[in-house]
file model00.txt (compact mmCIF, C-alpha atoms)
# COMPACT_ATOMS: atom_id res chain seq x y z
CA MET V 295 76.05 113.36 110.70
CA LYS V 296 78.77 110.99 111.85
CA SER V 297 78.48 107.27 112.41
CA LYS V 298 80.89 104.49 113.24
CA LEU V 299 80.64 100.91 114.32
CA GLY V 300 80.85 100.45 118.05
CA GLN V 301 80.97 97.30 120.08
CA TYR V 302 78.94 94.21 119.36
CA CYS V 303 77.00 92.18 121.83
CA ILE V 304 76.59 88.43 122.17
CA ASN V 305 74.42 86.49 124.56
CA VAL V 306 76.20 84.15 126.95
CA SER V 307 74.90 81.57 129.39
CA ASP V 308 77.44 82.20 132.17
CA LEU V 309 78.58 85.81 132.38
CA GLU V 310 81.49 85.44 134.78
CA GLY V 311 82.64 82.25 133.07
CA SER V 312 82.64 83.93 129.67
CA ALA V 313 84.39 87.04 130.92
CA ASN V 314 87.05 84.90 132.58
CA PHE V 315 87.48 83.01 129.32
CA TYR V 316 88.15 86.15 127.30
CA VAL V 317 90.60 87.35 129.95
CA GLU V 318 92.41 84.12 130.81
CA ALA V 319 92.32 82.36 127.45
CA LEU V 320 92.60 85.30 125.07
CA GLY V 321 94.31 88.09 126.98
CA LEU V 322 91.56 90.70 126.84
CA GLU V 323 90.61 92.92 129.76
CA ILE V 324 87.33 93.56 131.53
CA LEU V 325 86.54 97.18 130.69
CA HIS V 326 83.08 97.72 132.09
CA ARG V 327 80.27 96.02 133.98
CA THR V 328 76.64 97.05 133.73
CA ASP V 329 73.55 95.74 135.49
CA VAL V 330 71.08 96.68 132.78
CA SER V 331 68.05 95.32 134.59
CA GLU V 332 67.12 92.67 137.12
CA THR V 333 67.35 90.04 134.41
CA CYS V 334 70.19 91.36 132.25
CA LYS V 335 73.81 91.82 133.23
CA GLU V 336 76.65 92.77 130.91
CA ILE V 337 80.43 92.82 130.84
CA ILE V 338 82.48 94.52 128.13
CA VAL V 339 85.85 93.01 127.27
CA GLY V 340 88.57 94.32 124.98
CA ASP V 341 91.66 96.46 125.22
CA PRO V 342 91.39 99.90 126.80
CA GLN V 343 93.58 101.44 124.08
CA GLU V 344 92.80 99.75 120.79
CA GLY V 345 90.77 97.19 118.90
CA ALA V 346 87.10 96.42 119.04
CA ARG V 347 85.05 95.77 122.14
CA LEU V 348 82.86 92.80 122.85
CA GLN V 349 79.84 93.03 125.08
CA LEU V 350 78.83 89.83 126.84
CA ALA V 351 75.20 89.81 127.95
CA HIS V 352 73.48 87.36 130.24
CA HIS V 353 69.72 87.24 130.47
CA THR V 354 69.17 85.48 133.76
CA ASP V 355 65.60 84.56 132.82
CA ARG V 356 66.75 82.54 129.80
CA LYS V 357 67.68 78.96 130.52
CA GLY V 358 69.49 76.39 128.42
CA PRO V 359 72.34 76.65 125.97
CA ILE V 360 72.78 79.48 123.49
CA ASP V 361 71.14 78.71 120.13
CA GLN V 362 73.89 79.55 117.66
CA GLY V 363 71.66 79.49 114.57
CA ASN V 364 73.80 80.41 111.55
CA ALA V 365 73.87 84.19 111.88
CA PHE V 366 77.07 85.09 113.70
CA TRP V 367 80.00 83.35 112.09
CA LYS V 368 83.12 84.31 114.03
CA LEU V 369 85.08 86.95 115.81
CA TYR V 370 88.72 87.68 115.19
CA ILE V 371 91.53 88.00 117.67
CA ASP V 372 94.61 89.65 116.17
CA THR V 373 97.82 88.47 117.77
CA ASP V 374 101.57 88.55 117.24
CA ASP V 375 101.88 84.89 118.29
CA CYS V 376 99.20 82.58 116.95
CA ASN V 377 100.84 79.42 118.25
CA GLY V 378 101.40 80.82 121.72
CA LEU V 379 97.90 82.25 122.03
CA TYR V 380 96.34 79.02 120.74
CA GLU V 381 98.18 76.97 123.35
CA ARG V 382 97.31 79.41 126.09
CA ALA V 383 93.65 79.40 125.08
CA VAL V 384 93.33 75.63 124.85
CA GLY V 385 95.12 75.33 128.18
CA ALA V 386 92.54 77.69 129.64
CA GLY V 387 89.63 75.61 128.38
CA ALA V 388 88.96 76.83 124.82
CA ARG V 389 87.60 74.14 122.52
CA PRO V 390 90.16 73.57 119.75
CA GLU V 391 88.72 73.66 116.23
CA MET V 392 91.84 74.03 114.05
CA ALA V 393 95.47 74.17 115.14
CA PRO V 394 97.61 77.08 113.86
CA LYS V 395 98.20 76.87 110.14
CA LYS V 396 100.13 79.14 107.82
CA LEU V 397 97.96 79.94 104.83
CA GLU V 398 99.24 79.78 101.29
CA LYS V 399 96.76 82.21 99.80
CA TRP V 400 97.31 85.01 102.35
CA PRO V 401 100.40 85.88 104.43
CA VAL V 402 98.85 84.95 107.75
CA THR V 403 98.82 82.17 110.32
CA ILE V 404 95.38 81.34 111.66
CA ALA V 405 93.78 79.01 114.16
CA PHE V 406 90.21 78.36 115.30
CA LEU V 407 88.77 77.90 118.76
CA LYS V 408 85.35 77.99 120.36
CA ASP V 409 84.39 79.89 123.48
CA PRO V 410 82.31 78.29 126.28
CA ASP V 411 79.01 78.99 124.43
CA GLY V 412 80.27 77.75 121.07
CA TYR V 413 81.13 81.11 119.50
CA LEU V 414 83.79 80.59 116.87
CA ILE V 415 87.02 82.55 117.31
CA GLU V 416 89.67 82.96 114.62
CA LEU V 417 93.16 83.82 115.83
CA VAL V 418 95.11 85.74 113.20
CA GLU V 419 98.82 86.50 113.12
CA SER V 420 99.85 88.59 110.14
CA MET J 197 102.22 87.90 123.45
CA LYS J 198 99.77 90.55 122.33
CA SER J 199 96.14 90.08 121.48
CA LYS J 200 93.27 92.38 120.62
CA LEU J 201 89.78 91.99 119.26
CA GLY J 202 89.58 92.42 115.53
CA GLN J 203 86.56 92.50 113.29
CA TYR J 204 83.55 90.26 113.65
CA CYS J 205 81.83 88.38 110.93
CA ILE J 206 78.14 87.77 110.31
CA ASN J 207 76.50 85.65 107.64
CA VAL J 208 74.21 87.46 105.22
CA SER J 209 71.88 86.19 102.53
CA ASP J 210 72.54 88.95 99.97
CA LEU J 211 76.08 90.31 100.09
CA GLU J 212 75.69 93.37 97.86
CA GLY J 213 72.32 94.19 99.41
CA SER J 214 73.76 94.04 102.91
CA ALA J 215 76.83 96.07 102.02
CA ASN J 216 74.64 98.72 100.39
CA PHE J 217 72.52 98.79 103.52
CA TYR J 218 75.47 99.50 105.80
CA VAL J 219 76.68 102.21 103.42
CA GLU J 220 73.41 103.89 102.45
CA ALA J 221 71.45 103.44 105.66
CA LEU J 222 74.18 103.72 108.26
CA GLY J 223 76.99 105.74 106.68
CA LEU J 224 79.75 103.13 106.81
CA GLU J 225 82.23 102.53 104.00
CA ILE J 226 83.19 99.43 102.06
CA LEU J 227 86.79 98.78 103.10
CA HIS J 228 87.63 95.47 101.51
CA ARG J 229 86.25 92.71 99.32
CA THR J 230 87.48 89.12 99.41
CA ASP J 231 86.50 86.11 97.37
CA VAL J 232 87.42 83.51 99.94
CA SER J 233 86.37 80.55 97.85
CA GLU J 234 83.96 79.64 95.10
CA THR J 235 81.15 79.50 97.63
CA CYS J 236 82.14 82.27 100.05
CA LYS J 237 82.43 85.97 99.36
CA GLU J 238 83.04 88.69 101.91
CA ILE J 239 82.84 92.46 102.23
CA ILE J 240 84.22 94.40 105.18
CA VAL J 241 82.44 97.62 106.17
CA GLY J 242 83.45 100.24 108.70
CA ASP J 243 85.39 103.46 108.83
CA PRO J 244 88.94 103.50 107.49
CA GLN J 245 90.14 105.56 110.47
CA GLU J 246 88.29 104.47 113.56
CA GLY J 247 85.76 102.17 115.11
CA ALA J 248 85.21 98.48 114.69
CA ARG J 249 84.90 96.61 111.40
CA LEU J 250 82.13 94.32 110.35
CA GLN J 251 82.71 91.48 107.94
CA LEU J 252 79.70 90.41 105.89
CA ALA J 253 79.99 86.87 104.56
CA HIS J 254 77.81 85.17 101.98
CA HIS J 255 77.95 81.42 101.50
CA THR J 256 76.44 81.01 98.08
CA ASP J 257 75.68 77.34 98.71
CA ARG J 258 73.42 78.16 101.66
CA LYS J 259 69.85 78.91 100.75
CA GLY J 260 67.02 80.41 102.77
CA PRO J 261 66.93 83.10 105.42
CA ILE J 262 69.56 83.52 108.12
CA ASP J 263 68.66 81.61 111.29
CA GLN J 264 69.18 84.24 113.99
CA GLY J 265 69.06 81.79 116.91
CA ASN J 266 69.62 83.76 120.12
CA ALA J 267 73.40 84.08 120.07
CA PHE J 268 74.21 87.45 118.52
CA TRP J 269 72.19 90.15 120.22
CA LYS J 270 73.08 93.45 118.54
CA LEU J 271 75.72 95.69 117.11
CA TYR J 272 76.16 99.31 118.01
CA ILE J 273 76.46 102.30 115.74
CA ASP J 274 77.81 105.36 117.55
CA THR J 275 76.51 108.60 116.10
CA ASP J 276 76.33 112.30 116.89
CA ASP J 277 72.74 112.46 115.58
CA CYS J 278 70.52 109.55 116.59
CA ASN J 279 67.32 111.09 115.18
CA GLY J 280 68.92 111.97 111.86
CA LEU J 281 70.60 108.60 111.42
CA TYR J 282 67.40 106.77 112.38
CA GLU J 283 65.40 108.67 109.76
CA ARG J 284 68.08 108.13 107.14
CA ALA J 285 68.24 104.42 107.89
CA VAL J 286 64.49 103.86 107.86
CA GLY J 287 64.30 105.85 104.63
CA ALA J 288 66.91 103.53 103.17
CA GLY J 289 64.94 100.42 104.11
CA ALA J 290 65.96 99.58 107.68
CA ARG J 291 63.23 97.89 109.68
CA PRO J 292 62.31 100.22 112.56
CA GLU J 293 62.27 98.54 115.97
CA MET J 294 62.28 101.51 118.39
CA ALA J 295 62.26 105.21 117.54
CA PRO J 296 64.92 107.42 119.17
CA LYS J 297 64.43 107.74 122.90
CA LYS J 298 66.43 109.63 125.50
CA LEU J 299 67.16 107.31 128.38
CA GLU J 300 66.67 108.34 131.97
CA LYS J 301 69.15 105.90 133.46
CA TRP J 302 72.07 106.78 131.17
CA PRO J 303 72.89 110.06 129.36
CA VAL J 304 72.29 108.69 125.88
CA THR J 305 69.68 108.68 123.14
CA ILE J 306 69.17 105.29 121.52
CA ALA J 307 67.11 103.75 118.75
CA PHE J 308 66.77 100.24 117.34
CA LEU J 309 66.65 99.02 113.76
CA LYS J 310 67.06 95.73 111.95
CA ASP J 311 69.22 95.11 108.92
CA PRO J 312 67.96 93.13 105.89
CA ASP J 313 68.74 89.78 107.57
CA GLY J 314 67.20 90.72 110.90
CA TYR J 315 70.39 91.66 112.75
CA LEU J 316 69.53 94.10 115.51
CA ILE J 317 71.30 97.46 115.42
CA GLU J 318 71.36 99.93 118.29
CA LEU J 319 72.06 103.55 117.38
CA VAL J 320 73.67 105.41 120.27
CA GLU J 321 74.19 109.14 120.65
CA SER J 322 75.99 110.10 123.83
call {"tool": "encode", "arguments": {"input": "model00.txt", "output": "structure tokens"}}
result
Amino acid sequence: MKSKLGQYCINVSDLEGSANFYVEALGLEILHRTDVSETCKEIIVGDPQEGARLQLAHHTDRKGPIDQGNAFWKLYIDTDDCNGLYERAVGAGARPEMAPKKLEKWPVTIAFLKDPDGYLIELVES
Amino acid sequence: MKSKLGQYCINVSDLEGSANFYVEALGLEILHRTDVSETCKEIIVGDPQEGARLQLAHHTDRKGPIDQGNAFWKLYIDTDDCNGLYERAVGAGARPEMAPKKLEKWPVTIAFLKDPDGYLIELVES
């Protein structure tokens, strides 16, 4: 019996806006669109060749902002240019949380942003 | 400038308990442990060769249950045996949400479970 982690799915309040964000701000691609039901539409973003996939789901019968609770902490975007991606993302409307910083404890440069619904995104250049 | 989705990170209330759950119930492996700070410890689970990676984070200074809000919807476990994995997971303490069901609209069999903190998990056999 085999098992592996597949994509993960987050609720968003504006499906096209979120998908555009992950494409324009973070360089991912739209891989798939699914109309699950009359009240649920989904878009999967990621890279067709590698990396994880993120499913964005919009329940059209739910109004108001996403309640972030304290369950999901953050998603990671691996990049070869943390500074460049940070600037691109902020220019495309990402909410800046922490400018790129080279860590002392680990050999990486990281930065934090938030997506349109407040999901925290950590950019990592190693 | 390259970018790809990396792992995603969820907050858990019992780090060892959660890690054991993903290993015993769902067949993933512990890939990495990190003591981020005095109040934050993390374990990454997944498969060393393929699939996504899930980072479990425990903030030892946060008490009480995880507040699920309505942000994170679900994570997917891809399997070649939905019935077998469902039975294994429930036997290992997963909360059953929906027994395996072959869908009419898509050529897949799916089931739903919850992990110890209430994160929703969709098992998918295609």
call {"tool": "closest_atom_pairs", "arguments": {"input": "model00.txt", "of": "stretch 209-307 of chain J", "to": "stretch 381-400 of chain V", "cutoff": "12 Å", "atoms": "all atoms listed in the file", "output": "JSON lines"}}
result
{"residue": "J:Thr230", "atom": "CA", "partner": "V:Trp400", "partner_atom": "CA", "distance": 11.1}
{"residue": "J:Asp231", "atom": "CA", "partner": "V:Lys399", "partner_atom": "CA", "distance": 11.2}
{"residue": "J:Val232", "atom": "CA", "partner": "V:Lys399", "partner_atom": "CA", "distance": 9.4}
{"residue": "J:Ser233", "atom": "CA", "partner": "V:Lys399", "partner_atom": "CA", "distance": 10.7}
call {"tool": "interface_residues", "arguments": {"input": "model00.txt", "of": "chain V", "to": "chain J", "cutoff": "8 Å", "atoms": "only C-alpha atoms", "output": "PyMOL selection string"}}
result
chain V and resi 295-306+320-322+340-341+344-348+360-375+378-379
call {"tool": "residues_around", "arguments": {"input": "model00.txt", "residues": "J:Asp257", "least_positions_apart": "5", "cutoff": "10 Å", "atoms": "all atoms listed in the file", "output": "PyMOL selection string"}}
result
chain J and resi 234-236
call {"tool": "axis_aligned_box", "arguments": {"input": "model00.txt", "around": "stretch 398-417 of chain V", "padding_each_side": "5 Å", "output": "lines of an AutoDock Vina configuration file"}}
result
center_x = 89.7
center_y = 81.8
center_z = 113.0
size_x = 31.4
size_y = 18.1
size_z = 36.5
call {"tool": "atom_distance", "arguments": {"input": "model00.txt", "atom1": "atom CA of V:Phe406", "atom2": "atom CA of V:Glu318"}}
result
16.7 Å
call {"tool": "atom_distance", "arguments": {"input": "model00.txt", "atom1": "atom CA of V:Lys357", "atom2": "atom CA of V:Ile337"}}
result
18.8 Å
call {"tool": "atom_distance", "arguments": {"input": "model00.txt", "atom1": "atom CA of J:Thr256", "atom2": "atom CA of J:Lys237"}}
result
7.9 Å
